[in-house]
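Structure data (mmCIF, C-alpha atoms) from upload_31.cif:
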```cif
data_coords
loop_
_atom_site.label_atom_id
_atom_site.label_comp_id
_atom_site.auth_asym_id
_atom_site.auth_seq_id
_atom_site.Cartn_x
_atom_site.Cartn_y
_atom_site.Cartn_z
CA GLU A 619 112.12 118.76 34.85
CA THR A 620 112.42 121.55 32.29
CA VAL A 621 114.38 124.75 32.64
CA LEU A 622 111.80 127.37 31.56
CA GLU A 623 111.68 130.37 33.90
CA ARG A 624 109.64 133.56 34.03
CA LYS A 625 112.37 135.72 32.48
CA HIS A 626 112.54 133.36 29.50
CA PHE A 627 109.08 134.49 28.45
CA GLY A 628 110.60 137.88 27.64
CA LEU A 629 113.02 136.18 25.26
CA ILE A 630 110.14 134.31 23.63
CA ILE A 631 108.06 137.48 23.17
CA ILE A 632 110.98 139.39 21.61
CA SER A 633 111.83 136.46 19.32
CA ILE A 634 108.26 136.07 18.07
CA SER A 635 108.05 139.85 17.53
CA LEU A 636 111.20 139.67 15.39
CA ALA A 637 109.66 136.94 13.23
CA LEU A 638 106.41 138.91 12.84
CA TRP A 639 108.33 142.07 11.94
CA SER A 640 110.16 140.17 9.21
CA PHE A 641 106.82 139.19 7.64
CA ILE A 642 105.61 142.79 7.94
CA SER A 643 108.76 143.91 6.12
CA VAL A 644 108.03 141.41 3.35
CA VAL A 645 104.47 142.69 2.93
CA ALA A 646 105.64 146.30 2.95
CA ASN A 647 107.94 145.56 -0.02
CA PHE A 648 105.54 143.66 -2.28
CA HIS A 649 105.35 146.71 -4.55
CA ASN A 650 109.13 146.50 -5.07
CA TYR A 651 109.52 142.72 -5.18
CA GLY A 652 106.35 140.91 -6.18
CA ILE A 653 105.63 137.65 -4.41
CA MET A 654 106.19 135.73 -7.67
CA SER A 655 109.32 137.67 -8.61
CA GLN A 656 112.59 135.77 -8.94
CA TYR A 657 114.11 138.40 -6.67
CA GLN A 658 111.60 137.90 -3.87
CA THR A 659 113.51 135.99 -1.23
CA GLY A 660 111.95 137.86 1.68
CA LEU A 661 109.14 135.39 2.27
CA GLU A 662 111.57 132.46 2.22
CA GLU A 663 113.95 134.22 4.62
CA ALA A 664 111.10 135.18 6.97
CA VAL A 665 109.93 131.56 7.07
CA LYS A 666 113.50 130.40 7.75
CA LEU A 667 113.78 132.87 10.63
CA THR A 668 110.43 131.70 12.02
CA ILE A 669 111.55 128.06 11.93
CA SER A 670 114.82 129.03 13.63
CA ILE A 671 112.98 130.91 16.37
CA GLY A 672 110.63 127.96 16.74
CA ALA A 673 113.62 125.72 17.43
CA PHE A 674 114.86 128.23 20.02
CA ILE A 675 111.50 128.27 21.82
CA CYS A 676 111.25 124.48 21.75
CA ILE A 677 114.65 124.22 23.44
CA LEU A 678 113.57 126.64 26.18
CA PHE A 679 110.42 124.64 26.85
CA SER A 680 111.84 121.13 26.63
CA TYR A 681 115.44 121.31 27.85
CA ASP A 682 116.06 119.29 31.01
CA LYS A 683 117.88 121.26 33.70
CA ASN A 684 119.57 118.19 35.17
CA PHE A 685 123.20 119.30 35.29
CA ILE A 686 124.59 115.81 34.64
CA LYS A 687 122.50 115.37 31.47
CA ASN A 688 123.42 118.89 30.38
CA GLU A 689 127.11 118.17 30.77
CA ARG A 690 126.78 114.94 28.80
CA VAL A 691 125.07 116.84 25.97
CA TRP A 692 128.04 119.19 25.67
CA VAL A 693 130.58 116.37 25.91
CA ALA A 694 128.73 114.61 23.07
CA ALA A 695 128.68 117.87 21.08
CA ILE A 696 132.44 118.34 21.58
CA TRP A 697 133.37 114.84 20.44
CA SER A 698 130.91 114.67 17.53
CA SER A 699 132.09 118.08 16.31
CA SER A 700 135.73 117.03 16.55
CA LEU A 701 135.00 113.87 14.54
CA LEU A 702 133.26 115.88 11.82
CA LEU A 703 136.06 118.44 11.70
CA THR A 704 138.64 115.63 11.59
CA TYR A 705 137.06 114.37 8.39
CA TYR A 706 137.16 117.81 6.73
CA ILE A 707 140.73 118.42 7.93
CA TYR A 708 141.88 115.08 6.55
CA MET A 709 140.18 115.66 3.18
CA SER A 710 141.61 119.17 2.90
CA LEU A 711 145.15 118.18 3.89
CA SER A 712 145.14 115.10 1.66
CA ASN A 713 144.36 117.39 -1.30
CA GLY A 714 147.05 119.89 -0.29
CA ASN A 715 144.56 122.72 0.26
CA LEU A 716 145.84 125.94 1.79
CA PHE A 717 142.61 126.21 3.79
CA LEU A 718 139.97 124.07 5.47
CA THR A 719 136.91 123.52 3.28
CA THR A 720 133.70 121.52 3.57
CA ASN A 721 133.23 121.06 -0.17
CA THR A 722 134.58 117.53 -0.47
CA SER A 723 133.55 117.22 -4.13
CA ASP A 724 135.84 120.08 -5.17
CA MET A 725 138.41 120.83 -2.50
CA SER A 726 139.84 123.73 -4.50
CA ILE A 727 136.78 125.85 -3.71
CA LYS A 728 136.67 127.89 -0.50
CA LEU A 729 132.97 127.16 0.00
CA GLY A 730 132.05 127.12 3.68
CA ARG A 731 135.50 128.06 4.92
CA ASN A 732 134.34 130.93 7.13
CA VAL A 733 131.26 129.02 8.28
CA THR A 734 133.41 126.04 9.25
CA GLY A 735 135.80 128.32 11.10
CA TRP A 736 132.82 129.97 12.82
CA PHE A 737 131.45 126.62 13.94
CA ALA A 738 134.84 125.44 15.22
CA ALA A 739 135.28 128.70 17.13
CA MET A 740 131.82 128.31 18.70
CA VAL A 741 132.71 124.84 20.01
CA PHE A 742 136.23 125.89 21.04
CA PRO A 743 135.37 127.37 24.49
CA PHE A 744 133.53 124.16 25.44
CA ALA A 745 136.46 121.96 24.45
CA LEU A 746 138.83 124.25 26.34
CA ALA A 747 136.67 124.40 29.48
CA ASN A 748 136.12 120.64 29.37
CA LEU A 749 139.88 120.11 29.30
CA TYR A 750 140.77 122.62 31.97
CA PHE A 751 138.11 121.50 34.45
CA SER A 752 138.79 117.79 33.91
CA PRO A 753 138.83 116.03 37.30
CA ASN A 754 142.08 114.10 36.83
CA ILE A 755 145.17 113.68 34.65
CA LYS A 756 143.66 110.79 32.70
CA MET A 757 140.64 112.84 31.66
CA LYS A 758 142.84 115.84 30.84
CA ILE A 759 144.83 113.71 28.42
CA ILE A 760 141.67 112.33 26.82
CA ASN A 761 140.01 115.77 26.56
CA THR A 762 143.13 117.20 24.94
CA ILE A 763 142.26 115.26 21.78
CA PRO A 764 139.06 117.14 20.79
CA LEU A 765 140.59 120.49 21.82
CA ALA A 766 143.60 119.86 19.55
CA ILE A 767 141.34 118.93 16.62
CA ILE A 768 139.00 121.90 17.09
CA SER A 769 141.93 124.31 17.53
CA LEU A 770 143.53 122.95 14.36
CA ALA A 771 140.25 123.52 12.50
CA VAL A 772 140.08 127.13 13.76
CA VAL A 773 143.61 127.89 12.56
CA TYR A 774 143.37 125.88 9.34
CA SER A 775 140.11 127.60 8.34
CA ILE A 776 142.27 130.71 7.78
CA SER A 777 139.31 132.74 9.00
CA ARG A 778 140.40 135.85 10.84
CA MET A 779 136.95 136.06 12.40
CA ALA A 780 137.35 132.54 13.85
CA TRP A 781 140.77 133.44 15.22
CA LEU A 782 139.41 136.55 16.93
CA MET A 783 136.42 134.63 18.28
CA SER A 784 138.67 132.01 19.89
CA VAL A 785 140.94 134.59 21.52
CA LEU A 786 137.94 136.58 22.75
CA SER A 787 136.34 133.45 24.22
CA ILE A 788 139.47 132.83 26.30
CA ILE A 789 139.36 136.40 27.63
CA ILE A 790 135.65 136.18 28.47
CA MET A 791 136.13 132.87 30.29
CA ILE A 792 138.93 134.34 32.39
CA LEU A 793 136.90 137.46 33.23
CA SER A 794 133.82 135.38 34.02
CA ILE A 795 135.74 133.20 36.45
CA GLY A 796 137.62 136.19 37.84
CA LYS A 797 134.33 137.78 38.90
CA ILE A 798 133.87 134.83 41.23
CA SER A 799 137.47 133.98 42.14
CA ILE A 800 140.40 136.21 41.14
CA ALA A 801 142.95 133.66 42.33
CA ARG A 802 141.32 130.97 40.21
CA ALA A 803 141.26 133.31 37.20
CA VAL A 804 145.01 133.98 37.52
CA LYS A 805 145.68 130.25 37.77
CA ILE A 806 143.54 129.59 34.72
CA SER A 807 145.30 132.36 32.76
CA LEU A 808 148.67 130.71 33.33
CA GLY A 809 147.26 127.31 32.45
CA LEU A 810 145.68 128.60 29.24
CA LEU A 811 148.94 130.26 28.18
CA ILE A 812 150.70 126.91 28.52
CA ILE A 813 147.93 125.12 26.61
CA LEU A 814 147.99 127.82 23.92
CA ALA A 815 151.76 127.58 23.46
CA ILE A 816 151.66 123.79 23.20
CA GLY A 817 148.64 123.91 20.89
CA LEU A 818 150.12 126.44 18.45
CA THR A 819 153.36 124.47 18.31
CA PHE A 820 151.42 121.29 17.51
CA ILE A 821 149.31 123.01 14.86
CA ALA A 822 152.27 124.69 13.14
CA THR A 823 154.23 121.43 13.11
CA THR A 824 151.28 119.50 11.70
CA LEU A 825 150.35 121.96 8.97
CA GLN A 826 153.87 122.69 7.71
CA ASN A 827 154.23 119.04 6.74
CA TYR A 828 151.30 119.29 4.33
CA ILE A 829 150.80 122.87 3.14
CA ASP A 830 152.55 126.17 2.58
CA LEU A 831 152.04 128.26 5.73
CA SER A 832 152.38 131.56 3.84
CA GLU A 833 148.58 131.75 3.53
CA ILE A 834 148.25 131.72 7.30
CA THR A 835 151.20 134.01 8.01
CA SER A 836 149.92 136.53 5.45
CA LYS A 837 146.58 136.73 7.19
CA LEU A 838 148.30 137.10 10.53
CA MET A 839 150.31 140.00 9.12
CA TRP A 840 147.04 141.55 7.95
CA PHE A 841 146.24 142.43 11.58
CA LEU A 842 149.26 144.75 11.59
CA SER A 843 147.98 146.67 8.57
CA PRO A 844 144.25 146.04 8.04
CA ARG A 845 143.57 149.22 6.05
CA THR A 846 146.31 148.79 3.48
CA GLY A 847 145.93 145.05 3.07
CA ILE A 848 148.56 142.32 2.77
CA THR A 849 149.67 140.41 -0.33
CA SER A 850 150.58 136.76 0.20
CA ASP A 851 153.34 134.86 -1.58
CA ALA A 852 150.66 133.44 -3.89
CA GLY A 853 149.82 136.98 -5.02
CA ILE A 854 146.52 137.19 -3.12
CA THR A 855 145.78 140.62 -1.61
CA TYR A 856 143.71 140.78 1.56
CA ASP A 857 141.77 144.06 1.59
CA SER A 858 138.76 142.98 3.63
CA PHE A 859 138.70 146.17 5.70
CA ASN A 860 137.93 148.45 2.76
CA ASN A 861 135.69 145.96 0.96
CA ARG A 862 133.52 145.36 3.99
CA PHE A 863 133.45 149.05 4.84
CA PHE A 864 131.97 149.80 1.41
CA ARG A 865 129.35 147.08 1.87
CA ILE A 866 128.40 148.45 5.27
CA PHE A 867 128.10 151.88 3.68
CA ASP A 868 125.78 150.35 1.05
CA GLY A 869 123.67 148.84 3.82
CA LEU A 870 123.36 152.16 5.61
CA THR A 871 122.48 153.89 2.32
CA VAL A 872 119.64 151.42 1.77
CA PHE A 873 118.45 151.97 5.35
CA PHE A 874 118.32 155.74 4.92
CA HIS A 875 116.06 155.25 1.87
CA TYR A 876 113.87 152.62 3.61
CA PRO A 877 114.17 153.48 7.32
CA ILE A 878 110.98 151.87 8.68
CA PHE A 879 110.58 148.43 7.07
CA GLY A 880 113.81 148.11 5.07
CA VAL A 881 113.79 146.37 1.67
CA GLY A 882 112.71 142.98 3.00
CA PRO A 883 114.73 140.01 4.28
CA GLY A 884 117.20 138.70 1.70
CA ASN A 885 116.52 141.49 -0.80
CA PHE A 886 119.51 143.71 -0.05
CA VAL A 887 121.79 142.00 -2.58
CA PHE A 888 119.26 142.64 -5.39
CA HIS A 889 118.62 146.28 -4.61
CA PRO A 890 119.95 148.92 -7.05
CA LEU A 891 121.56 150.83 -4.17
CA SER A 892 123.67 147.77 -3.34
CA THR A 893 126.91 147.20 -5.23
CA GLY A 894 126.43 143.44 -4.84
CA GLY A 895 127.29 140.88 -2.22
CA GLN A 896 126.22 140.55 1.38
CA VAL A 897 126.87 143.17 4.04
CA HIS A 898 128.70 140.64 6.26
CA ASN A 899 127.31 142.44 9.31
CA ASP A 900 124.06 141.28 10.91
CA TYR A 901 123.40 144.60 12.62
CA VAL A 902 123.69 146.69 9.46
CA LEU A 903 121.90 143.99 7.46
CA SER A 904 118.94 144.11 9.83
CA LEU A 905 118.77 147.88 9.29
CA ALA A 906 118.86 147.54 5.50
CA GLU A 907 116.40 144.65 5.22
CA THR A 908 114.00 145.11 8.14
CA GLY A 909 114.50 148.77 9.02
CA LEU A 910 114.77 150.40 12.41
CA GLY A 911 112.19 148.04 13.89
CA GLY A 912 114.30 145.01 13.07
CA LEU A 913 117.45 146.46 14.62
CA ILE A 914 115.56 147.47 17.77
CA LEU A 915 114.19 143.95 18.22
CA ILE A 916 117.62 142.34 17.65
CA SER A 917 119.17 144.77 20.14
CA LEU A 918 116.46 143.97 22.71
CA LEU A 919 117.09 140.26 22.16
CA ILE A 920 120.83 140.67 22.74
CA PHE A 921 120.31 142.66 25.95
CA ALA A 922 117.76 140.11 27.18
CA LEU A 923 120.13 137.21 26.47
CA LEU A 924 122.98 138.97 28.26
CA PHE A 925 120.69 139.76 31.20
CA CYS A 926 119.72 136.09 31.49
CA SER A 927 123.39 135.07 31.42
CA LYS A 928 124.81 137.57 33.91
CA ILE A 929 126.64 136.37 37.01
CA ARG A 930 124.92 137.26 40.26
CA ARG A 931 126.90 138.49 43.24
CA ILE A 932 125.39 135.78 45.43
CA GLU A 933 127.17 133.21 43.28
CA SER A 934 130.50 134.41 44.65
CA HIS A 935 129.94 132.16 47.68
CA SER A 936 130.38 129.13 45.45
CA GLN A 937 133.96 128.34 44.50
CA GLY A 938 132.96 125.45 42.27
CA PHE A 939 132.63 125.95 38.53
CA TYR A 940 130.21 124.31 36.15
CA TRP A 941 132.34 124.22 33.01
CA PRO A 942 129.45 124.18 30.47
CA GLY A 943 128.13 127.39 32.07
CA VAL A 944 131.53 129.10 31.93
CA ALA A 945 131.90 128.10 28.27
CA SER A 946 128.32 129.11 27.41
CA ARG A 947 128.88 132.69 28.61
CA ALA A 948 132.00 132.97 26.48
CA ALA A 949 130.29 131.37 23.48
CA LEU A 950 127.29 133.71 23.77
CA VAL A 951 129.52 136.79 23.69
CA ILE A 952 131.59 135.60 20.72
CA LEU A 953 128.37 134.73 18.88
CA PHE A 954 127.27 138.36 19.19
CA PHE A 955 130.80 139.37 18.15
CA SER A 956 130.69 137.14 15.05
CA MET A 957 127.51 138.89 13.91
CA ILE A 958 129.72 141.90 13.13
CA PHE A 959 131.38 139.86 10.38
CA MET A 960 128.67 137.48 9.13
CA ASP A 961 125.03 137.38 8.02
CA THR A 962 123.80 134.63 10.32
CA TYR A 963 120.93 135.79 12.52
CA ARG A 964 118.23 134.07 10.42
CA THR A 965 119.97 130.67 10.36
CA PRO A 966 118.81 127.80 12.61
CA GLN A 967 122.25 127.08 14.09
CA VAL A 968 122.44 130.54 15.67
CA TRP A 969 119.08 130.16 17.41
CA ILE A 970 119.83 126.60 18.49
CA PHE A 971 123.02 127.88 20.09
CA PHE A 972 121.06 130.69 21.77
CA GLY A 973 118.70 128.17 23.34
CA LEU A 974 121.43 125.78 24.46
CA PHE A 975 123.54 128.57 25.97
CA ILE A 976 120.69 130.11 27.97
CA CYS A 977 119.47 126.74 29.26
CA THR A 978 123.00 125.74 30.26
CA ILE A 979 123.57 129.03 32.08
CA THR A 980 120.23 128.65 33.85
CA THR A 981 121.24 125.13 34.90
CA GLU A 982 124.49 126.53 36.28
CA ARG A 983 122.56 129.17 38.23
CA ASN A 984 120.31 126.54 39.78
CA ILE A 985 123.38 124.63 40.93
CA ASN A 986 124.90 127.76 42.46
CA GLU A 987 121.68 128.72 44.20
CA LYS A 988 121.54 125.30 45.85
CA ASN A 989 125.19 125.62 46.89
CA ASN A 990 124.54 129.08 48.33
CA GLN A 991 121.55 127.80 50.26
CA LYS A 992 123.73 125.09 51.80
CA HIS A 993 126.36 127.76 52.54
CA SER A 994 123.77 129.90 54.36
CA VAL A 995 122.56 126.93 56.40
CA ILE A 996 126.11 126.08 57.49
CA GLU A 997 126.75 129.69 58.56
#
```

Take the structure in the file and give it back as structure tokens.
Amino acid sequence: ETVLERKHFGLIIISISLALWSFISVVANFHNYGIMSQYQTGLEEAVKLTISIGAFICILFSYDKNFIKNERVWVAAIWSSSLLLTYYIYMSLSNGNLFLTTNTSDMSIKLGRNVTGWFAAMVFPFALANLYFSPNIKMKIINTIPLAIISLAVVYSISRMAWLMSVLSIIIMILSIGKISIARAVKISLGLLIILAIGLTFIATTLQNYIDLSEITSKLMWFLSPRTGITSDAGITYDSFNNRFFRIFDGLTVFFHYPIFGVGPGNFVFHPLSTGGQVHNDYVLSLAETGLGGLILISLLIFALLFCSKIRRIESHSQGFYWPGVASRAALVILFFSMIFMDTYRTPQVWIFFGLFICTITTERNINEKNNQKHSVIE
């Protein structure tokens, strides 16, 4: 039995409209970037977005709402992700890298560091929820393993975005549970603080045996002075605040010159009004490359996804928690949050996550509705 519901059709319509608008933006910019030009990446990016949205729609249509199968999918995702991250952690540490990297051919290059941190942070709430809601001590011990690995990957990626995503996911999970049971939320808060303290101690002890922790501590100090920047012991200055502010300003400048259709997907970096490099902000990037129409459609999509994932008041009768649903709400919010710092909305992994999160939350809602029906019958 699949999980498609009437409100999901709204998500599908908005998603398809976003893909169509991207192609319209490409056509509108043919006079600036000819279809055979080496700078014309718009058509390729529009096709990539269409494929990504296609994957999202396929998940909505085909995903089985059986809660046991759904839970097994996330358990498999947690363990497979931890195995993959273990490999990259081992390769990075064995080469003495100051950061986690996925470029195993040249571990001195920071290629994929932020993306790896992003992925680890996306899986983090599921590993945490799986541990906390484990039915017994034996399973808690077993489920501590993937959480420790994923947490180590988040920290070792030295990605401030990944750090913020992980902290925010914990807050969202607590608030989500607190809306149903305040007492349970307080209990979880205390439990998470204990897990966090043990986890950070384990991570610091592990890393200090292999690398110089000044790279991590310097980035932590950056949060105290983001506008002035921080210089590490290696002489590296972190001035991301000002650099990204200038890129966002470039994106807005391009938008003001091309307010309706933008300059076409993927073409911002080649435009004369751009000083080079990506915007590192999906919302501003959508304005610059697809105009006001693109931003409106992305905003509508976000509101629709949040609407589909909201907690109903009727669910307060149920004191049980479906941990993949709790984690999916947190992961959905931090995914939107990460779009402030990355250019990801056209990539398949984002849309696959969208589909999995919404289907999992819908599965959770079906469970709660059945529990509430039983509750009403008993009363």

**OP:** Might you pull out every residue within 12 Å of Lys683 (chain A), with only C-alpha atoms counted and same-chain residues fewer than 2 positions away left off, and present them as a PyMOL selection string?
**Re:** chain A and resi 619-623+677-681+685-691+974+976-985

Subject >> Result set of the PyMOL selection byres ((chain A and resi 866) around 9) on the coordinates above, as a ChimeraX atom specification >> reply: /A:861-865,867-871,897-899,902-903

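When only C-alpha atoms are used to compute distances to Gly809 (chain A), the closest of the residues A:Phe751, A:Trp781, A:Tyr901, A:Phe627 turns out to be A:Phe751.
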
Original post:
When you draw a straight line from CA of Gly660 (chain A) to CA of Ser640 (chain A), how long is it in Å?
Top reply: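 It comes out at 8.1 Å.
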
**OP:** To verify the selection step, state as a ChimeraX atom specification which residues the PyMOL selection byres ((chain A and resi 662-669) around 6) yields on this input.
**Re:** /A:637,640-641,659-661,670-672,883,964

Original post:
In Å, how far is it from CA of Val887 (chain A) to CA of Gly909 (chain A)?
Top reply: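 Between these atoms lies a distance of 15.3 Å.
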